[in-house]
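File shown here: query-v2.cif, holding mmCIF, C-alpha atoms and all ligand atoms.
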data_entry
loop_
_atom_site.group_PDB
_atom_site.id
_atom_site.type_symbol
_atom_site.label_atom_id
_atom_site.label_comp_id
_atom_site.auth_asym_id
_atom_site.auth_seq_id
_atom_site.Cartn_x
_atom_site.Cartn_y
_atom_site.Cartn_z
ATOM 1 C CA MET Z 22 0.000 0.000 0.000
ATOM 2 C CA GLN Z 23 1.205 3.479 -0.860
ATOM 3 C CA ILE Z 24 1.891 5.618 2.219
ATOM 4 C CA THR Z 25 2.503 9.335 1.729
ATOM 5 C CA ASP Z 26 5.518 11.071 3.186
ATOM 6 C CA ARG Z 27 5.171 11.737 6.876
ATOM 7 C CA THR Z 28 6.803 15.105 7.313
ATOM 8 C CA SER Z 29 4.828 16.198 10.322
ATOM 9 C CA VAL Z 30 4.964 14.642 13.794
ATOM 10 C CA TYR Z 31 1.296 15.432 14.139
ATOM 11 C CA ARG Z 32 -1.139 15.144 11.274
ATOM 12 C CA GLY Z 33 -4.808 15.270 12.180
ATOM 13 C CA ARG Z 34 -7.963 15.212 10.089
ATOM 14 C CA PHE Z 35 -11.670 15.926 10.003
ATOM 15 C CA ALA Z 36 -13.696 13.439 7.967
ATOM 16 C CA PRO Z 37 -17.298 14.587 7.474
ATOM 17 C CA SER Z 38 -19.898 12.545 5.591
ATOM 18 C CA PRO Z 39 -21.916 14.761 3.226
ATOM 19 C CA THR Z 40 -25.264 13.588 4.586
ATOM 20 C CA GLY Z 41 -26.323 17.169 5.372
ATOM 21 C CA PRO Z 42 -24.925 20.598 6.261
ATOM 22 C CA LEU Z 43 -22.393 21.031 9.074
ATOM 23 C CA HIS Z 44 -24.255 20.799 12.407
ATOM 24 C CA PHE Z 45 -23.196 21.379 16.019
ATOM 25 C CA GLY Z 46 -22.069 17.759 16.497
ATOM 26 C CA SER Z 47 -19.763 17.875 13.491
ATOM 27 C CA LEU Z 48 -18.555 21.361 14.443
ATOM 28 C CA VAL Z 49 -17.353 19.901 17.765
ATOM 29 C CA ALA Z 50 -15.371 17.195 15.914
ATOM 30 C CA ALA Z 51 -13.952 19.765 13.503
ATOM 31 C CA LEU Z 52 -12.994 22.143 16.328
ATOM 32 C CA GLY Z 53 -11.452 19.461 18.558
ATOM 33 C CA SER Z 54 -9.396 17.909 15.765
ATOM 34 C CA TYR Z 55 -8.296 21.301 14.437
ATOM 35 C CA LEU Z 56 -7.234 22.779 17.779
ATOM 36 C CA ASP Z 57 -5.476 19.585 18.790
ATOM 37 C CA ALA Z 58 -3.446 19.565 15.553
ATOM 38 C CA CYS Z 59 -2.730 23.260 15.187
ATOM 39 C CA SER Z 60 -2.038 24.064 18.837
ATOM 40 C CA CYS Z 61 1.051 21.838 18.630
ATOM 41 C CA GLY Z 62 2.157 22.982 15.178
ATOM 42 C CA GLY Z 63 0.732 19.950 13.359
ATOM 43 C CA GLU Z 64 -1.126 19.701 10.085
ATOM 44 C CA TRP Z 65 -4.887 19.328 9.679
ATOM 45 C CA LEU Z 66 -6.582 17.692 6.698
ATOM 46 C CA VAL Z 67 -10.180 17.442 5.542
ATOM 47 C CA ARG Z 68 -11.423 14.213 3.967
ATOM 48 C CA MET Z 69 -14.884 14.014 2.457
ATOM 49 C CA GLU Z 70 -16.379 10.605 3.256
ATOM 50 C CA ASP Z 71 -18.652 10.487 0.240
ATOM 51 C CA LEU Z 72 -18.624 6.753 -0.508
ATOM 52 C CA ASP Z 73 -22.305 6.155 0.066
ATOM 53 C CA ARG Z 74 -24.027 8.121 -2.687
ATOM 54 C CA THR Z 75 -27.462 6.937 -1.490
ATOM 55 C CA ARG Z 76 -27.043 8.834 1.798
ATOM 56 C CA GLU Z 77 -25.496 11.909 0.242
ATOM 57 C CA VAL Z 78 -27.489 15.137 0.230
ATOM 58 C CA PRO Z 79 -26.896 17.056 -3.026
ATOM 59 C CA GLY Z 80 -24.811 20.152 -2.374
ATOM 60 C CA ALA Z 81 -23.748 19.032 1.136
ATOM 61 C CA ARG Z 82 -20.077 18.472 0.199
ATOM 62 C CA ASP Z 83 -19.599 22.057 -0.943
ATOM 63 C CA ALA Z 84 -21.813 23.480 1.811
ATOM 64 C CA ILE Z 85 -19.687 21.767 4.502
ATOM 65 C CA LEU Z 86 -16.452 23.120 2.996
ATOM 66 C CA ARG Z 87 -17.884 26.632 2.620
ATOM 67 C CA THR Z 88 -19.062 26.584 6.239
ATOM 68 C CA LEU Z 89 -15.675 25.368 7.511
ATOM 69 C CA ASP Z 90 -14.039 28.166 5.558
ATOM 70 C CA ALA Z 91 -16.469 30.781 6.893
ATOM 71 C CA PHE Z 92 -15.692 29.579 10.436
ATOM 72 C CA GLY Z 93 -11.970 30.164 9.866
ATOM 73 C CA PHE Z 94 -10.798 26.549 9.574
ATOM 74 C CA ALA Z 95 -7.860 26.198 7.181
ATOM 75 C CA TRP Z 96 -6.782 22.809 5.811
ATOM 76 C CA ASP Z 97 -3.206 22.115 4.819
ATOM 77 C CA ARG Z 98 -3.742 19.975 1.714
ATOM 78 C CA PRO Z 99 -6.404 19.580 -0.967
ATOM 79 C CA VAL Z 100 -9.553 17.840 0.302
ATOM 80 C CA LEU Z 101 -9.469 14.081 -0.304
ATOM 81 C CA TYR Z 102 -12.749 12.657 -1.671
ATOM 82 C CA GLN Z 103 -13.323 9.003 -0.819
ATOM 83 C CA SER Z 104 -15.369 8.637 -4.013
ATOM 84 C CA THR Z 105 -12.063 8.889 -5.934
ATOM 85 C CA ARG Z 106 -10.317 6.195 -3.895
ATOM 86 C CA THR Z 107 -11.975 2.948 -5.043
ATOM 87 C CA ASP Z 108 -8.716 1.511 -6.456
ATOM 88 C CA ALA Z 109 -6.905 1.962 -3.133
ATOM 89 C CA TYR Z 110 -9.710 0.201 -1.230
ATOM 90 C CA ALA Z 111 -9.774 -2.638 -3.798
ATOM 91 C CA GLU Z 112 -6.004 -3.058 -3.422
ATOM 92 C CA ALA Z 113 -6.227 -3.303 0.384
ATOM 93 C CA LEU Z 114 -9.082 -5.788 0.066
ATOM 94 C CA GLU Z 115 -6.956 -7.875 -2.307
ATOM 95 C CA GLN Z 116 -4.093 -7.846 0.207
ATOM 96 C CA LEU Z 117 -6.419 -9.116 2.946
ATOM 97 C CA ARG Z 118 -7.881 -11.702 0.581
ATOM 98 C CA GLY Z 119 -4.360 -12.904 -0.259
ATOM 99 C CA ASP Z 120 -3.801 -13.426 3.461
ATOM 100 C CA GLY Z 121 -6.930 -15.584 3.669
ATOM 101 C CA LEU Z 122 -8.800 -13.057 5.788
ATOM 102 C CA VAL Z 123 -11.735 -12.360 3.458
ATOM 103 C CA PHE Z 124 -14.741 -14.537 2.635
ATOM 104 C CA PRO Z 125 -17.864 -14.021 0.520
ATOM 105 C CA CYS Z 126 -21.136 -13.901 2.433
ATOM 106 C CA ALA Z 127 -24.663 -14.577 1.186
ATOM 107 C CA CYS Z 128 -26.539 -13.357 4.260
ATOM 108 C CA SER Z 129 -28.883 -10.399 4.114
ATOM 109 C CA ARG Z 130 -29.140 -7.990 7.016
ATOM 110 C CA SER Z 131 -32.600 -9.313 7.913
ATOM 111 C CA GLU Z 132 -31.344 -12.919 7.976
ATOM 112 C CA ILE Z 133 -28.576 -11.935 10.411
ATOM 113 C CA THR Z 134 -30.965 -9.868 12.544
ATOM 114 C CA ALA Z 135 -33.443 -12.768 12.636
ATOM 115 C CA LEU Z 136 -30.804 -14.950 14.331
ATOM 116 C CA GLY Z 137 -31.009 -12.548 17.223
ATOM 117 C CA HIS Z 138 -27.413 -12.113 18.438
ATOM 118 C CA GLU Z 139 -27.745 -8.425 19.197
ATOM 119 C CA GLY Z 140 -24.471 -6.650 19.998
ATOM 120 C CA GLN Z 141 -23.636 -3.083 20.959
ATOM 121 C CA GLU Z 142 -22.911 -2.327 17.310
ATOM 122 C CA GLY Z 143 -25.896 -4.099 15.755
ATOM 123 C CA PRO Z 144 -26.435 -7.811 15.149
ATOM 124 C CA ILE Z 145 -23.369 -9.995 15.673
ATOM 125 C CA TYR Z 146 -22.558 -12.022 12.567
ATOM 126 C CA PRO Z 147 -22.948 -15.697 13.522
ATOM 127 C CA GLY Z 148 -20.373 -17.049 11.051
ATOM 128 C CA THR Z 149 -22.897 -18.608 8.642
ATOM 129 C CA CYS Z 150 -20.728 -18.324 5.480
ATOM 130 C CA ARG Z 151 -17.319 -18.398 7.157
ATOM 131 C CA ALA Z 152 -16.532 -21.921 5.963
ATOM 132 C CA GLY Z 153 -18.059 -21.436 2.505
ATOM 133 C CA LEU Z 154 -21.320 -20.278 0.945
ATOM 134 C CA PRO Z 155 -24.302 -22.530 1.769
ATOM 135 C CA PRO Z 156 -25.411 -24.577 -1.279
ATOM 136 C CA GLY Z 157 -27.422 -22.592 -3.800
ATOM 137 C CA ARG Z 158 -26.622 -19.209 -2.239
ATOM 138 C CA ARG Z 159 -24.920 -16.327 -4.021
ATOM 139 C CA ALA Z 160 -22.321 -13.975 -2.501
ATOM 140 C CA ARG Z 161 -23.681 -10.547 -1.589
ATOM 141 C CA SER Z 162 -20.921 -8.977 0.480
ATOM 142 C CA LEU Z 163 -17.312 -9.606 1.474
ATOM 143 C CA ARG Z 164 -16.470 -10.002 5.155
ATOM 144 C CA VAL Z 165 -13.254 -10.169 7.135
ATOM 145 C CA ARG Z 166 -12.606 -13.008 9.585
ATOM 146 C CA ALA Z 167 -12.648 -11.230 12.929
ATOM 147 C CA GLN Z 168 -9.941 -12.031 15.411
ATOM 148 C CA SER Z 169 -10.894 -13.665 18.675
ATOM 149 C CA GLY Z 170 -9.201 -12.430 21.813
ATOM 150 C CA PRO Z 171 -9.012 -8.885 23.106
ATOM 151 C CA ILE Z 172 -8.042 -5.848 21.066
ATOM 152 C CA ALA Z 173 -7.238 -2.987 23.420
ATOM 153 C CA PHE Z 174 -6.312 0.633 22.946
ATOM 154 C CA ARG Z 175 -5.888 3.619 25.227
ATOM 155 C CA ASP Z 176 -7.917 6.620 24.182
ATOM 156 C CA ARG Z 177 -6.447 9.995 25.152
ATOM 157 C CA ILE Z 178 -9.799 11.144 26.545
ATOM 158 C CA GLN Z 179 -11.926 8.065 27.220
ATOM 159 C CA GLY Z 180 -9.230 5.778 28.657
ATOM 160 C CA LYS Z 181 -8.821 2.110 27.853
ATOM 161 C CA LEU Z 182 -11.244 0.157 25.678
ATOM 162 C CA THR Z 183 -10.976 -3.590 25.197
ATOM 163 C CA GLN Z 184 -13.098 -5.471 22.707
ATOM 164 C CA ASP Z 185 -13.219 -9.075 21.583
ATOM 165 C CA LEU Z 186 -14.148 -8.622 17.940
ATOM 166 C CA ALA Z 187 -15.184 -12.213 17.286
ATOM 167 C CA ARG Z 188 -17.489 -12.270 20.307
ATOM 168 C CA GLU Z 189 -18.786 -8.681 20.353
ATOM 169 C CA VAL Z 190 -18.951 -7.737 16.660
ATOM 170 C CA GLY Z 191 -18.339 -10.811 14.530
ATOM 171 C CA ASP Z 192 -16.893 -10.976 11.022
ATOM 172 C CA PHE Z 193 -17.632 -7.539 9.609
ATOM 173 C CA VAL Z 194 -18.330 -6.290 6.105
ATOM 174 C CA LEU Z 195 -15.508 -4.863 3.970
ATOM 175 C CA LYS Z 196 -17.471 -4.594 0.730
ATOM 176 C CA ARG Z 197 -21.208 -4.169 0.884
ATOM 177 C CA ALA Z 198 -23.896 -5.916 -1.157
ATOM 178 C CA ASP Z 199 -24.301 -2.714 -3.209
ATOM 179 C CA GLY Z 200 -20.603 -2.886 -4.179
ATOM 180 C CA ILE Z 201 -19.521 0.025 -1.957
ATOM 181 C CA HIS Z 202 -16.408 -0.449 0.186
ATOM 182 C CA ALA Z 203 -17.307 -0.273 3.862
ATOM 183 C CA TYR Z 204 -16.448 2.693 6.075
ATOM 184 C CA GLN Z 205 -14.184 0.551 8.320
ATOM 185 C CA LEU Z 206 -11.931 -0.379 5.392
ATOM 186 C CA ALA Z 207 -11.957 3.043 3.724
ATOM 187 C CA VAL Z 208 -11.117 4.944 6.917
ATOM 188 C CA VAL Z 209 -8.124 2.722 7.668
ATOM 189 C CA VAL Z 210 -6.766 2.893 4.113
ATOM 190 C CA ASP Z 211 -7.154 6.666 3.962
ATOM 191 C CA ASP Z 212 -5.816 7.479 7.433
ATOM 192 C CA ALA Z 213 -2.689 5.511 6.508
ATOM 193 C CA SER Z 214 -2.246 6.856 3.015
ATOM 194 C CA GLN Z 215 -2.734 10.431 4.216
ATOM 195 C CA GLY Z 216 -0.159 9.868 6.962
ATOM 196 C CA VAL Z 217 -2.633 10.693 9.755
ATOM 197 C CA THR Z 218 -0.915 10.325 13.131
ATOM 198 C CA HIS Z 219 -3.757 11.472 15.419
ATOM 199 C CA VAL Z 220 -7.492 10.870 15.120
ATOM 200 C CA VAL Z 221 -9.832 13.152 17.087
ATOM 201 C CA ARG Z 222 -13.542 12.432 16.456
ATOM 202 C CA GLY Z 223 -16.897 11.795 18.138
ATOM 203 C CA ALA Z 224 -17.277 9.067 20.773
ATOM 204 C CA ASP Z 225 -19.946 7.359 18.637
ATOM 205 C CA LEU Z 226 -16.977 5.951 16.676
ATOM 206 C CA MET Z 227 -15.133 4.649 19.748
ATOM 207 C CA PRO Z 228 -16.598 1.099 19.391
ATOM 208 C CA SER Z 229 -15.451 1.063 15.719
ATOM 209 C CA THR Z 230 -11.835 1.677 16.697
ATOM 210 C CA PRO Z 231 -10.942 -1.970 17.555
ATOM 211 C CA ARG Z 232 -12.185 -2.987 14.063
ATOM 212 C CA GLN Z 233 -9.952 -0.326 12.581
ATOM 213 C CA ILE Z 234 -6.963 -1.375 14.685
ATOM 214 C CA PHE Z 235 -7.523 -4.984 13.628
ATOM 215 C CA LEU Z 236 -7.446 -3.944 9.941
ATOM 216 C CA GLN Z 237 -4.401 -1.718 10.508
ATOM 217 C CA GLN Z 238 -2.581 -4.693 12.026
ATOM 218 C CA ALA Z 239 -3.675 -7.024 9.235
ATOM 219 C CA LEU Z 240 -2.512 -4.515 6.584
ATOM 220 C CA GLN Z 241 0.686 -3.705 8.540
ATOM 221 C CA LEU Z 242 -0.173 -0.027 8.883
ATOM 222 C CA THR Z 243 0.820 2.355 11.647
ATOM 223 C CA ILE Z 244 -1.903 2.741 14.276
ATOM 224 C CA PRO Z 245 -2.743 6.414 14.933
ATOM 225 C CA VAL Z 246 -3.284 7.851 18.415
ATOM 226 C CA TYR Z 247 -7.023 8.146 19.169
ATOM 227 C CA ALA Z 248 -9.046 10.716 21.125
ATOM 228 C CA HIS Z 249 -12.847 10.457 21.176
ATOM 229 C CA LEU Z 250 -14.822 13.574 22.059
ATOM 230 C CA PRO Z 251 -18.122 13.368 23.967
ATOM 231 C CA LEU Z 252 -21.325 13.571 21.935
ATOM 232 C CA ALA Z 253 -23.898 16.282 22.623
ATOM 233 C CA VAL Z 254 -27.114 15.005 24.240
ATOM 234 C CA ASP Z 255 -30.180 16.607 25.849
ATOM 235 C CA PRO Z 256 -30.494 16.813 29.681
ATOM 236 C CA GLU Z 257 -32.152 13.352 29.688
ATOM 237 C CA GLY Z 258 -29.164 11.875 27.860
ATOM 238 C CA ARG Z 259 -30.961 11.465 24.529
ATOM 239 C CA LYS Z 260 -29.297 12.225 21.229
ATOM 240 C CA LEU Z 261 -30.183 15.769 20.251
ATOM 241 C CA SER Z 262 -33.052 16.296 17.895
ATOM 242 C CA LYS Z 263 -33.178 18.256 14.665
ATOM 243 C CA SER Z 264 -33.768 21.529 16.488
ATOM 244 C CA ASP Z 265 -30.513 21.631 18.484
ATOM 245 C CA ALA Z 266 -27.286 19.682 17.769
ATOM 246 C CA ALA Z 267 -28.517 18.440 14.428
ATOM 247 C CA ALA Z 268 -29.505 21.945 13.325
ATOM 248 C CA PRO Z 269 -27.110 23.414 10.763
ATOM 249 C CA VAL Z 270 -24.642 25.947 12.127
ATOM 250 C CA ASP Z 271 -24.965 29.390 10.556
ATOM 251 C CA PRO Z 272 -21.985 30.246 8.317
ATOM 252 C CA ARG Z 273 -22.927 33.950 8.569
ATOM 253 C CA ASN Z 274 -22.566 33.948 12.350
ATOM 254 C CA PRO Z 275 -19.735 31.602 13.381
ATOM 255 C CA LEU Z 276 -18.609 33.093 16.691
ATOM 256 C CA PRO Z 277 -21.561 32.055 18.944
ATOM 257 C CA ALA Z 278 -21.419 28.462 17.670
ATOM 258 C CA LEU Z 279 -17.626 28.284 18.127
ATOM 259 C CA LEU Z 280 -17.938 29.608 21.686
ATOM 260 C CA GLN Z 281 -20.683 27.101 22.435
ATOM 261 C CA ALA Z 282 -18.509 24.252 21.041
ATOM 262 C CA TRP Z 283 -15.564 25.561 23.106
ATOM 263 C CA ARG Z 284 -17.689 25.395 26.275
ATOM 264 C CA PHE Z 285 -19.014 21.979 25.263
ATOM 265 C CA LEU Z 286 -15.417 20.727 25.187
ATOM 266 C CA VAL Z 287 -14.977 22.022 28.780
ATOM 267 C CA GLN Z 288 -12.159 24.365 27.857
ATOM 268 C CA LEU Z 289 -11.246 27.151 30.285
ATOM 269 C CA PRO Z 290 -13.193 30.401 29.879
ATOM 270 C CA PHE Z 291 -11.311 33.084 27.957
ATOM 271 C CA ALA Z 292 -9.848 35.934 30.048
ATOM 272 C CA GLU Z 293 -11.531 38.334 27.657
ATOM 273 C CA SER Z 294 -14.438 37.302 25.509
ATOM 274 C CA PRO Z 295 -13.235 37.214 21.854
ATOM 275 C CA ALA Z 296 -14.829 40.006 19.827
ATOM 276 C CA ASN Z 297 -14.214 38.411 16.438
ATOM 277 C CA LEU Z 298 -13.075 35.201 14.740
ATOM 278 C CA ASP Z 299 -9.386 36.112 14.735
ATOM 279 C CA GLU Z 300 -9.441 36.721 18.471
ATOM 280 C CA PHE Z 301 -11.282 33.442 19.025
ATOM 281 C CA TRP Z 302 -8.729 31.388 17.091
ATOM 282 C CA GLN Z 303 -5.777 33.144 18.657
ATOM 283 C CA GLN Z 304 -7.004 32.515 22.199
ATOM 284 C CA ALA Z 305 -8.364 29.031 21.504
ATOM 285 C CA LEU Z 306 -5.087 27.834 19.941
ATOM 286 C CA ALA Z 307 -3.140 29.165 22.910
ATOM 287 C CA SER Z 308 -5.293 27.556 25.593
ATOM 288 C CA TRP Z 309 -6.596 24.242 24.116
ATOM 289 C CA ARG Z 310 -6.087 21.314 26.556
ATOM 290 C CA THR Z 311 -7.626 17.852 26.139
ATOM 291 C CA VAL Z 312 -7.117 17.130 29.861
ATOM 292 C CA HIS Z 313 -10.117 19.316 30.658
ATOM 293 C CA ILE Z 314 -12.438 17.039 28.660
ATOM 294 C CA SER Z 315 -13.924 14.441 30.966
ATOM 295 C CA ALA Z 316 -13.966 10.761 30.073
ATOM 296 C CA ALA Z 317 -17.640 10.688 29.139
ATOM 297 C CA ARG Z 318 -19.152 9.381 25.919
ATOM 298 C CA THR Z 319 -21.900 12.032 26.082
ATOM 299 C CA ARG Z 320 -22.386 15.528 27.506
ATOM 300 C CA PRO Z 321 -25.404 17.816 27.693
ATOM 301 C CA LEU Z 322 -25.342 20.708 25.246
ATOM 302 C CA PRO Z 323 -24.448 23.999 26.988
ATOM 303 C CA ALA Z 324 -26.663 27.031 26.447
ATOM 304 C CA ARG Z 325 -25.612 29.542 23.808
HETATM 305 N N1 LIG O 1 -17.417 10.198 8.338
HETATM 306 C C1 LIG O 1 -17.650 9.906 9.718
HETATM 307 C C2 LIG O 1 -18.786 10.761 10.246
HETATM 308 O O1 LIG O 1 -19.102 11.775 9.640
HETATM 309 C C3 LIG O 1 -16.437 10.163 10.581
HETATM 310 C C4 LIG O 1 -15.400 9.140 10.378
HETATM 311 C C5 LIG O 1 -14.160 9.277 11.239
HETATM 312 O O2 LIG O 1 -13.894 10.366 11.776
HETATM 313 O O3 LIG O 1 -13.469 8.289 11.350
HETATM 314 O O4 LIG O 1 -19.355 10.413 11.258
#
Could you quickly redo this structure as structure tokens?
Ligand code: GLU
Amino acid sequence: MQITDRTSVYRGRFAPSPTGPLHFGSLVAALGSYLDACSCGGEWLVRMEDLDRTREVPGARDAILRTLDAFGFAWDRPVLYQSTRTDAYAEALEQLRGDGLVFPCACSRSEITALGHEGQEGPIYPGTCRAGLPPGRRARSLRVRAQSGPIAFRDRIQGKLTQDLAREVGDFVLKRADGIHAYQLAVVVDDASQGVTHVVRGADLMPSTPRQIFLQQALQLTIPVYAHLPLAVDPEGRKLSKSDAAAPVDPRNPLPALLQAWRFLVQLPFAESPANLDEFWQQALASWRTVHISAARTRPLPAR
């Protein structure tokens, strides 16, 4: 696999999916990853995760980039679009197949769900096609043979997570029935080929990280350092509805949303309230500290 030059000791990234405009939840991930990279002189990249055209909202890719720009985020290299990366994903899949780690699977989602092994991340694949397709069945997807035994990593914010992939997730999909390469494969291939050293993203992706580490090990790639930021919830702990965190942030008025995201990430109050974007970035870059963020997967949204 082709790995780009790694000139920086810290290279971070923000990887939005163009399923809608930038909302508060994605602003938090953008802000956390940006401040973490830039406050220590690292580089920050943007990668558009536009593999799943069925979930894409027309115009969302450009709207996200325009909003990031209006908020004062600056990326160090041209945006990488996953829709242009099919050959790289196919090559990684071939490498795994050559190592005997991939098998074709005939099962539909409803067949797997009907077997009723519900895990934290959806139904656990019961291994139906692991030893070969059942007679008369046709391959739909390609899966990887999950490793049994613990995969552990230490998250900079959330602490240690240990997962037994075989028991808790099962053999997972690398290429979907609709022919699209799965997120887990694409993210690993792209983080490596872009030379990403540090991943800062929402805690909803924390349980995906052992799958990614497993693939990184299988493909002999460097494992980045991970930090998972809390997700915004309402006071009852429910995921925020359309009206709050899922509401688009206003590109014409970035400062209030940035200050709200700053408070959400439990950063110290500014000595003097920033009067404009430049002042915000200057102060935020000087005082960003991940140690203030508590090890919680969720946090209530602070008032504006
Ligand atoms: N594209 C994913 C999302 O928008 C993020 C993937 C990642 O940061 O690894 O939720």
Original post:
With distances taken over all atoms listed in the file, which of Z:Pro275, Z:Gly121, Z:Pro245, Z:Pro231 is nearest to His219 in chain Z?
Top reply: Z:Pro245
Would you give me, as a tab-separated table, each residue of chain Z having an atom within 9 Å of an atom of ligand LIG 1 (chain O), along with its shortest atom pair and that distance in Å to one decimal, using all atoms listed in the file and sorting by chain and residue number?
residue	atom	partner	partner_atom	distance
Z:Arg34	CA	O:LIG1	O2	7.8
Z:Phe35	CA	O:LIG1	O2	6.2
Z:Ala36	CA	O:LIG1	O2	4.9
Z:Pro37	CA	O:LIG1	O1	4.0
Z:Ser38	CA	O:LIG1	O1	4.2
Z:Pro39	CA	O:LIG1	O1	7.6
Z:Thr40	CA	O:LIG1	O1	8.2
Z:Ser47	CA	O:LIG1	O1	7.2
Z:Ala50	CA	O:LIG1	O2	8.1
Z:Arg68	CA	O:LIG1	N1	8.4
Z:Met69	CA	O:LIG1	N1	7.5
Z:Glu70	CA	O:LIG1	N1	5.2
Z:Asp71	CA	O:LIG1	N1	8.2
Z:Tyr204	CA	O:LIG1	C4	7.8
Z:Gln205	CA	O:LIG1	O3	8.3
Z:Val208	CA	O:LIG1	O3	6.0
Z:Val209	CA	O:LIG1	O3	8.6
Z:Asp212	CA	O:LIG1	O3	8.6
Z:Val220	CA	O:LIG1	O2	7.2
Z:Val221	CA	O:LIG1	O2	7.2
Z:Arg222	CA	O:LIG1	O2	5.1
Z:Gly223	CA	O:LIG1	O2	7.2
Z:Asp225	CA	O:LIG1	O4	8.0
Z:Leu226	CA	O:LIG1	O3	6.8
Z:Ser229	CA	O:LIG1	O3	8.7
Z:Thr230	CA	O:LIG1	O3	8.7
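Taking CA of Pro79 in chain Z as the reference point, CA of Ala51 in chain Z is found at 21.2 Å.
Using only C-alpha atoms, the smallest distance between any of Z:Val165, Z:Leu306, Z:Leu136, Z:Leu236 and Phe94 in chain Z comes from Z:Leu306.
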Subject >> Non-local contacts of Gln184 in chain Z (8 Å; all atoms listed in the file; under 5 positions in same chain excluded) as a ChimeraX atom specification >> reply: /Z:171-173,189,231
Go ahead and dump the residues you just picked, C-alpha atoms, as a PDB file, in the coordinates of the input.
ATOM      1  CA  PRO Z 171      -9.012  -8.885  23.106  1.00  0.00           C
ATOM      2  CA  ILE Z 172      -8.042  -5.848  21.066  1.00  0.00           C
ATOM      3  CA  ALA Z 173      -7.238  -2.987  23.420  1.00  0.00           C
ATOM      4  CA  GLU Z 189     -18.786  -8.681  20.353  1.00  0.00           C
ATOM      5  CA  PRO Z 231     -10.942  -1.970  17.555  1.00  0.00           C
TER       6      PRO Z 231
END
Original post:
Do you know which residues the PyMOL selection byres (((chain Z and resi 198-203) around 7) and not hetatm) returns on this file, as an MDAnalysis selection string?
Top reply: chainID Z and resid 72 110 161:162 194:197 204:207
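Interatomic distance, CA of Gln233 in chain Z against CA of Phe193 in chain Z: 10.9 Å.
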Original post:
Any chance you could work out the residue set of the PyMOL selection byres (((chain Z and resi 61) around 12) and not hetatm) here, as a PyMOL selection string?
Top reply: chain Z and resi 29-33+54-60+62-65+219+306-310
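Note that the spacing between CA of Glu139 in chain Z and CA of Phe174 in chain Z amounts to 23.6 Å.
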Original post:
On this structure, which residues satisfy the PyMOL selection byres (((chain Z and resi 133-135) around 9) and not hetatm), written as JSON, numbers by chain?
Top reply: {"Z": [128, 129, 130, 131, 132, 136, 137, 138, 139, 143, 144, 145, 146, 147, 149]}
With a cut-off of 9 Å, could you pull out the residues of range 45-159 of chain Z touching range 249-264 of chain Z and give me the nearest pair of atoms for each, distance in Å to one decimal, using all atoms listed in the file, ordered by chain and ascending number, as a tab-separated table?
residue	atom	partner	partner_atom	distance
Z:Phe45	CA	Z:Ala253	CA	8.4
Z:Gly46	CA	Z:Ala253	CA	6.6
Z:Val49	CA	Z:Leu250	CA	8.1
Z:Ala50	CA	Z:Leu250	CA	7.2
Z:Gly53	CA	Z:Leu250	CA	7.6
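Considering only C-alpha atoms, the residue among Z:Gly170, Z:Pro228, Z:Pro42, Z:Gly216 positioned nearest to Leu182 in chain Z is Z:Pro228.
Proximity of Z:Gln281, Z:Ser169, Z:Gln215, Z:Gln116 to Ala324 in chain Z, computed with all atoms listed in the file, is greatest for Z:Gln281.
Distances here use all atoms listed in the file; by that measure, the residue among Z:Ala113, Z:Leu86, Z:Pro295, Z:Ser315 closest to Ser214 in chain Z is Z:Ala113.
Of the residues under consideration (Z:Ala296, Z:Leu322, Z:Ala239, Z:Val100), Z:Leu322 shows the shortest atom-to-atom contact distance to Ala282 in chain Z when counting all atoms listed in the file.
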Emit as AutoDock Vina command-line options the padded axis-aligned box for all listed atoms of range 150-169 of chain Z, 4 Å per side, with centre and edge lengths in Å to one decimal.
--center_x -18.7 --center_y -16.8 --center_z 7.3 --size_x 25.5 --size_y 23.6 --size_z 30.7
Subject >> Leu280 in chain Z surroundings by all atoms listed in the file, 10 Å radius, close-in-sequence under 2 positions cut, as a PyMOL selection string >> reply: chain Z and resi 275-278+282-286+288+290-291+294-295+301+305+325
